[in-house]
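Asker: What follows is data_3.cif; its format and atoms are mmCIF, C-alpha atoms.
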data_query
loop_
_atom_site.label_atom_id
_atom_site.label_comp_id
_atom_site.auth_asym_id
_atom_site.auth_seq_id
_atom_site.Cartn_x
_atom_site.Cartn_y
_atom_site.Cartn_z
CA MET A 1 147.97 -43.32 141.31
CA ASN A 2 146.76 -39.89 140.22
CA ARG A 3 145.07 -37.88 142.91
CA PRO A 4 141.59 -36.66 141.90
CA LEU A 5 141.47 -33.04 140.82
CA ARG A 6 140.13 -30.49 143.27
CA ILE A 7 137.86 -27.69 142.18
CA GLU A 8 138.00 -24.06 143.35
CA VAL A 9 135.09 -21.73 142.59
CA ALA A 10 134.23 -18.04 142.95
CA GLY A 11 131.19 -16.08 141.81
CA GLN A 12 129.91 -12.51 141.74
CA THR A 13 126.97 -10.52 140.43
CA ASP A 14 126.49 -6.81 139.79
CA VAL A 15 123.55 -4.65 138.72
CA GLY A 16 125.61 -2.97 135.96
CA ARG A 17 125.41 0.69 134.94
CA LYS A 18 122.02 0.93 133.25
CA ARG A 19 119.55 -1.21 135.22
CA SER A 20 117.80 -0.20 138.43
CA HIS A 21 117.74 -3.72 139.90
CA ASN A 22 119.50 -7.03 139.42
CA GLU A 23 117.49 -9.83 137.80
CA ASP A 24 120.47 -12.24 137.70
CA ASN A 25 121.12 -14.92 140.29
CA PHE A 26 123.93 -17.37 140.82
CA ALA A 27 124.65 -20.23 143.21
CA ILE A 28 127.73 -22.14 144.32
CA MET A 29 126.43 -25.41 145.78
CA ALA A 30 129.81 -26.97 146.56
CA GLU A 31 128.26 -29.81 148.55
CA TYR A 32 126.61 -31.10 145.33
CA GLY A 33 129.35 -29.96 142.92
CA LEU A 34 126.72 -27.75 141.29
CA TYR A 35 127.33 -24.20 140.02
CA VAL A 36 124.62 -22.10 138.39
CA VAL A 37 124.07 -18.73 136.68
CA ALA A 38 120.51 -17.55 135.85
CA ASP A 39 119.54 -14.37 133.99
CA GLY A 40 115.90 -13.47 134.60
CA MET A 41 113.55 -11.59 132.29
CA GLY A 42 110.07 -10.12 132.52
CA GLY A 43 108.73 -6.78 133.76
CA HIS A 44 107.80 -5.73 137.33
CA ALA A 45 110.97 -7.38 138.71
CA SER A 46 109.55 -10.78 137.68
CA GLY A 47 112.88 -11.71 136.11
CA GLU A 48 114.39 -11.58 139.55
CA VAL A 49 111.64 -13.91 140.80
CA ALA A 50 112.20 -16.36 137.93
CA SER A 51 115.99 -16.54 138.27
CA LYS A 52 115.73 -16.99 142.06
CA MET A 53 113.09 -19.71 141.63
CA ALA A 54 115.43 -21.54 139.23
CA VAL A 55 118.35 -21.46 141.66
CA ASP A 56 116.20 -22.38 144.69
CA THR A 57 114.36 -25.21 142.91
CA LEU A 58 117.61 -26.78 141.72
CA GLN A 59 119.06 -26.56 145.22
CA GLU A 60 115.94 -28.16 146.69
CA PHE A 61 115.88 -30.95 144.10
CA PHE A 62 119.58 -31.75 144.55
CA ALA A 63 119.20 -31.78 148.32
CA ALA A 64 116.21 -34.14 148.12
CA THR A 65 117.89 -36.53 145.66
CA ALA A 66 121.20 -36.53 147.58
CA ASP A 67 119.42 -37.88 150.67
CA ASP A 68 117.25 -40.30 148.74
CA PRO A 69 118.51 -41.42 145.30
CA GLU A 70 115.48 -43.72 144.96
CA ARG A 71 113.10 -40.77 145.31
CA THR A 72 110.42 -40.64 142.63
CA TRP A 73 111.26 -37.96 140.09
CA PRO A 74 108.69 -35.72 138.42
CA TYR A 75 110.04 -36.78 134.99
CA LYS A 76 110.97 -40.11 133.46
CA MET A 77 114.65 -40.85 133.04
CA ASP A 78 116.12 -40.75 129.56
CA ARG A 79 117.52 -44.28 129.23
CA GLY A 80 120.19 -43.06 126.82
CA LYS A 81 121.76 -40.97 129.57
CA GLY A 82 123.29 -41.86 132.93
CA TYR A 83 121.86 -41.17 136.37
CA GLU A 84 123.74 -37.92 137.09
CA GLU A 85 122.98 -36.35 133.70
CA ASN A 86 119.31 -37.27 134.12
CA ARG A 87 119.37 -35.78 137.61
CA LEU A 88 120.64 -32.46 136.27
CA ILE A 89 118.16 -32.35 133.36
CA THR A 90 115.24 -33.30 135.62
CA GLY A 91 116.14 -30.56 138.12
CA ILE A 92 116.20 -27.96 135.35
CA LYS A 93 112.90 -29.20 133.87
CA LEU A 94 111.36 -28.90 137.33
CA CYS A 95 112.62 -25.28 137.55
CA ASN A 96 110.97 -24.60 134.20
CA LEU A 97 107.62 -26.03 135.29
CA ARG A 98 107.58 -24.15 138.60
CA ILE A 99 108.34 -20.82 136.92
CA TYR A 100 105.75 -21.45 134.20
CA GLU A 101 103.03 -22.41 136.71
CA GLN A 102 103.80 -19.41 138.94
CA ALA A 103 103.49 -17.10 135.92
CA GLN A 104 100.16 -18.65 134.96
CA ARG A 105 98.82 -18.06 138.48
CA ASN A 106 99.94 -14.44 138.75
CA ALA A 107 98.94 -12.03 135.97
CA LYS A 108 101.74 -9.60 136.91
CA GLN A 109 104.31 -12.32 136.38
CA ARG A 110 102.91 -13.57 133.07
CA GLY A 111 105.73 -14.01 130.58
CA MET A 112 108.52 -14.14 133.14
CA GLY A 113 111.41 -16.48 132.49
CA THR A 114 115.09 -17.04 132.99
CA THR A 115 118.12 -18.42 131.22
CA LEU A 116 120.18 -21.00 133.06
CA ALA A 117 123.76 -22.21 132.70
CA ALA A 118 124.93 -24.96 135.04
CA LEU A 119 128.06 -26.95 135.72
CA PHE A 120 127.72 -30.23 137.62
CA ALA A 121 130.92 -31.93 138.76
CA VAL A 122 130.64 -35.72 139.05
CA GLU A 123 133.23 -38.41 139.79
CA ASP A 124 134.71 -38.74 136.30
CA GLY A 125 134.13 -35.25 134.89
CA VAL A 126 131.53 -32.50 134.57
CA TYR A 127 128.18 -32.01 132.90
CA VAL A 128 127.44 -28.65 131.32
CA ALA A 129 123.74 -27.79 130.91
CA HIS A 130 122.08 -24.67 129.57
CA VAL A 131 118.87 -23.07 128.38
CA GLY A 132 118.94 -19.58 126.84
CA ASP A 133 121.91 -17.34 126.09
CA SER A 134 123.89 -17.49 129.32
CA ARG A 135 127.19 -19.06 128.36
CA VAL A 136 129.77 -21.55 129.56
CA TYR A 137 133.37 -21.15 128.38
CA ARG A 138 136.37 -23.35 128.99
CA ILE A 139 139.91 -22.03 129.19
CA ARG A 140 142.51 -24.69 128.48
CA ASP A 141 146.17 -24.32 127.48
CA GLY A 142 145.81 -20.58 126.95
CA SER A 143 142.79 -20.68 124.65
CA LEU A 144 139.08 -20.11 125.23
CA GLU A 145 136.26 -22.26 123.85
CA GLN A 146 132.53 -21.67 124.17
CA LEU A 147 130.91 -24.92 125.37
CA THR A 148 127.31 -23.75 124.90
CA GLU A 149 125.33 -22.51 121.93
CA ASP A 150 123.09 -19.46 122.49
CA HIS A 151 119.36 -20.17 122.20
CA SER A 152 118.80 -16.77 120.64
CA LEU A 153 117.25 -15.35 117.48
CA LEU A 154 120.60 -13.87 116.47
CA ASN A 155 122.30 -17.28 116.71
CA ASP A 156 119.50 -18.89 114.67
CA TYR A 157 120.01 -16.24 111.98
CA LYS A 158 123.76 -16.77 112.05
CA LYS A 159 123.22 -20.48 111.43
CA MET A 160 120.66 -20.00 108.65
CA LYS A 161 122.26 -17.12 106.80
CA ARG A 162 125.88 -16.18 106.74
CA LEU A 163 125.59 -12.74 108.35
CA SER A 164 128.47 -10.30 107.93
CA GLU A 165 130.19 -8.83 111.02
CA GLU A 166 128.37 -5.56 110.34
CA GLU A 167 124.96 -7.27 110.07
CA ILE A 168 125.64 -9.09 113.34
CA ALA A 169 126.62 -5.81 115.04
CA ASN A 170 123.45 -4.07 113.80
CA PHE A 171 121.05 -6.98 114.30
CA PRO A 172 117.86 -5.40 115.69
CA HIS A 173 116.69 -8.27 117.93
CA LYS A 174 119.93 -9.17 119.70
CA ASN A 175 118.29 -9.95 123.02
CA VAL A 176 115.43 -12.12 121.74
CA ILE A 177 115.74 -15.55 123.35
CA VAL A 178 114.16 -18.52 121.57
CA ARG A 179 114.42 -20.87 124.55
CA ALA A 180 114.24 -20.09 128.27
CA LEU A 181 112.87 -21.52 131.50
CA GLY A 182 109.23 -20.53 132.06
CA MET A 183 108.25 -19.85 128.43
CA LYS A 184 106.26 -23.09 128.09
CA ASP A 185 105.31 -25.96 130.40
CA THR A 186 108.11 -28.11 128.96
CA VAL A 187 111.67 -27.26 127.94
CA LYS A 188 114.55 -28.91 126.10
CA VAL A 189 117.79 -28.82 128.10
CA ASP A 190 121.09 -29.00 126.21
CA THR A 191 123.83 -30.96 127.99
CA ARG A 192 127.37 -32.11 127.26
CA PHE A 193 130.01 -34.03 129.20
CA GLU A 194 133.56 -32.79 129.65
CA ALA A 195 136.62 -34.35 131.28
CA PRO A 196 138.53 -31.54 133.01
CA ARG A 197 142.32 -31.42 133.20
CA ALA A 198 144.46 -29.79 135.88
CA GLY A 199 144.64 -26.06 135.15
CA ASP A 200 141.34 -25.88 133.24
CA CYS A 201 139.07 -22.95 134.08
CA VAL A 202 135.37 -22.78 133.30
CA VAL A 203 133.46 -19.49 133.18
CA LEU A 204 129.66 -19.42 133.51
CA CYS A 205 128.19 -16.00 132.72
CA SER A 206 125.09 -14.03 131.83
CA ASP A 207 125.03 -12.07 128.56
CA GLY A 208 125.66 -8.93 130.60
CA LEU A 209 129.26 -10.14 130.74
CA CYS A 210 129.88 -11.84 127.38
CA GLY A 211 128.06 -9.04 125.51
CA PRO A 212 130.30 -6.11 126.55
CA VAL A 213 133.50 -8.12 127.19
CA THR A 214 135.14 -9.86 124.23
CA ASP A 215 136.23 -13.50 124.33
CA GLU A 216 139.85 -12.32 124.12
CA ASP A 217 139.39 -10.11 127.17
CA ILE A 218 137.63 -12.85 129.16
CA LEU A 219 140.61 -15.12 128.42
CA LYS A 220 143.15 -12.45 129.34
CA ILE A 221 141.41 -11.44 132.59
CA VAL A 222 141.02 -15.01 133.87
CA THR A 223 144.54 -16.15 132.94
CA THR A 224 146.28 -13.09 134.41
CA SER A 225 144.32 -12.85 137.68
CA PRO A 226 146.15 -14.08 140.81
CA ASP A 227 143.05 -15.89 142.12
CA LEU A 228 139.43 -16.60 141.21
CA PRO A 229 137.74 -13.87 143.35
CA THR A 230 140.01 -11.32 141.61
CA ALA A 231 139.09 -12.83 138.22
CA THR A 232 135.33 -12.51 138.86
CA HIS A 233 135.80 -8.95 140.13
CA ARG A 234 137.85 -7.94 137.07
CA LEU A 235 135.39 -9.55 134.65
CA ILE A 236 132.55 -7.51 136.16
CA GLU A 237 134.71 -4.39 136.15
CA GLY A 238 135.44 -5.00 132.47
CA ALA A 239 131.73 -5.19 131.60
CA ASN A 240 131.02 -1.98 133.55
CA GLU A 241 133.92 -0.17 131.87
CA ASN A 242 132.32 -1.07 128.53
CA GLY A 243 129.02 0.54 129.53
CA GLY A 244 127.53 -2.11 131.85
CA PRO A 245 124.30 -2.20 129.79
CA ASP A 246 122.86 -5.18 131.67
CA ASN A 247 123.17 -7.06 134.96
CA ILE A 248 126.50 -8.90 135.07
CA THR A 249 127.08 -12.30 136.65
CA CYS A 250 129.87 -14.83 136.48
CA VAL A 251 131.03 -17.97 138.23
CA VAL A 252 134.58 -19.16 137.58
CA ALA A 253 135.78 -22.68 138.44
CA ARG A 254 139.32 -24.03 138.27
CA TRP A 255 140.62 -27.60 138.54
CA ILE A 256 143.80 -28.08 140.51
CA GLN A 257 145.92 -31.16 141.29
#
Translate the structure described by the file into structure tokens.
Answerer:
Amino acid sequence: MNRPLRIEVAGQTDVGRKRSHNEDNFAIMAEYGLYVVADGMGGHASGEVASKMAVDTLQEFFAATADDPERTWPYKMDRGKGYEENRLITGIKLCNLRIYEQAQRNAKQRGMGTTLAALFAVEDGVYVAHVGDSRVYRIRDGSLEQLTEDHSLLNDYKKMKRLSEEEIANFPHKNVIVRALGMKDTVKVDTRFEAPRAGDCVVLCSDGLCGPVTDEDILKIVTTSPDLPTATHRLIEGANENGGPDNITCVVARWIQ
């Protein structure tokens, strides 16, 4: 009988070299198997408010539904999906609504929002969920695969027109997000299910990491680090060495036998 895989996790966030304060947030909620990175946006430090609200709301929702699975949810279940996937999507939709309503109430916070990338470990695998351009990568057998698709203007352009490398590099609206929590009163959450294998690593990160650090370097740093805290530290160091233009956040998870 195969023993179930265990999961190790480490996370870190850093203000970077160019910003005066950190609008990213992350959470390692090991008791729920839930790991989250959120990259806030909006002036007057509202981004920080939005990303913290996302993390806190998810934590609150998971705590409430862990104690009482029969609890009435604020959204109907999607019958095409199982209980745990619905639980994750509902939690994220609730984050969206709370951020949106808070922004409507407070003129200074109007327009605030946050991206969100989440990993939710369940009995037979993991659910990956995201909104915005924070990413989730998987490292397996020495290669790196992006498990999420950026909800950004640049990515939409890439899909519609075949942009050259040079056009991509010089694209004027690189940081325009087409989907985020808090933009509207409802949000579409992208999810996928993955079955981890022993030795797999998953990296959740804000664009402050995957912008300045190449996929090749992310792969190299994670696979050559002696442990996960060192990996997160080196990833952040790598982004800062390449200018640290934005806040930098990453959570790295590894499955072990």
Asker: Suppose a student applies the PyMOL selection byres ((chain A and resi 129) around 12) to this structure; what residues should they get, written as a PyMOL selection string?
Answerer: chain A and resi 34-38+84-93+115-121+126-128+130-137+147-150+188-194+204
Asker: When distances are computed from only C-alpha atoms, which of A:Ile236, A:Leu154, A:Glu123, A:Thr224 shows the smallest separation from Leu5 in chain A?
Answerer: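 The closest residue to Leu5 in chain A is A:Glu123.
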Asker: Name all residues at most 10 Å from range 226-232 of chain A (count all atoms listed in the file; drop same-chain ones fewer than 4 positions away) and give them as an MDAnalysis selection string.
Answerer: chainID A and resid 8:13 201 203 218 220:222 236:238 249:254
Asker: Go ahead and compute the interatomic distance for CA of Ile28 in chain A and CA of Gly80 in chain A, in Å to one decimal.
Answerer: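 CA of Ile28 in chain A sits 28.3 Å away from CA of Gly80 in chain A.
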Asker: Rank A:Leu181, A:Val202, A:Ala45, A:Ile139 by their smallest atom-to-atom distance to His151 in chain A, using only C-alpha atoms, and report the top residue only.
Answerer: A:Leu181
Asker: Grab the CA of Lys18 in chain A to CA of Gly244 in chain A distance for me, in Å with one decimal place.
Answerer: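 CA of Lys18 in chain A sits 6.4 Å away from CA of Gly244 in chain A.
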Asker: Using all atoms listed in the file, pick whichever of A:Arg234, A:Lys158, A:Arg140, A:Arg98 has the shortest atom-to-atom distance to Lys184 in chain A.
Answerer: A:Arg98
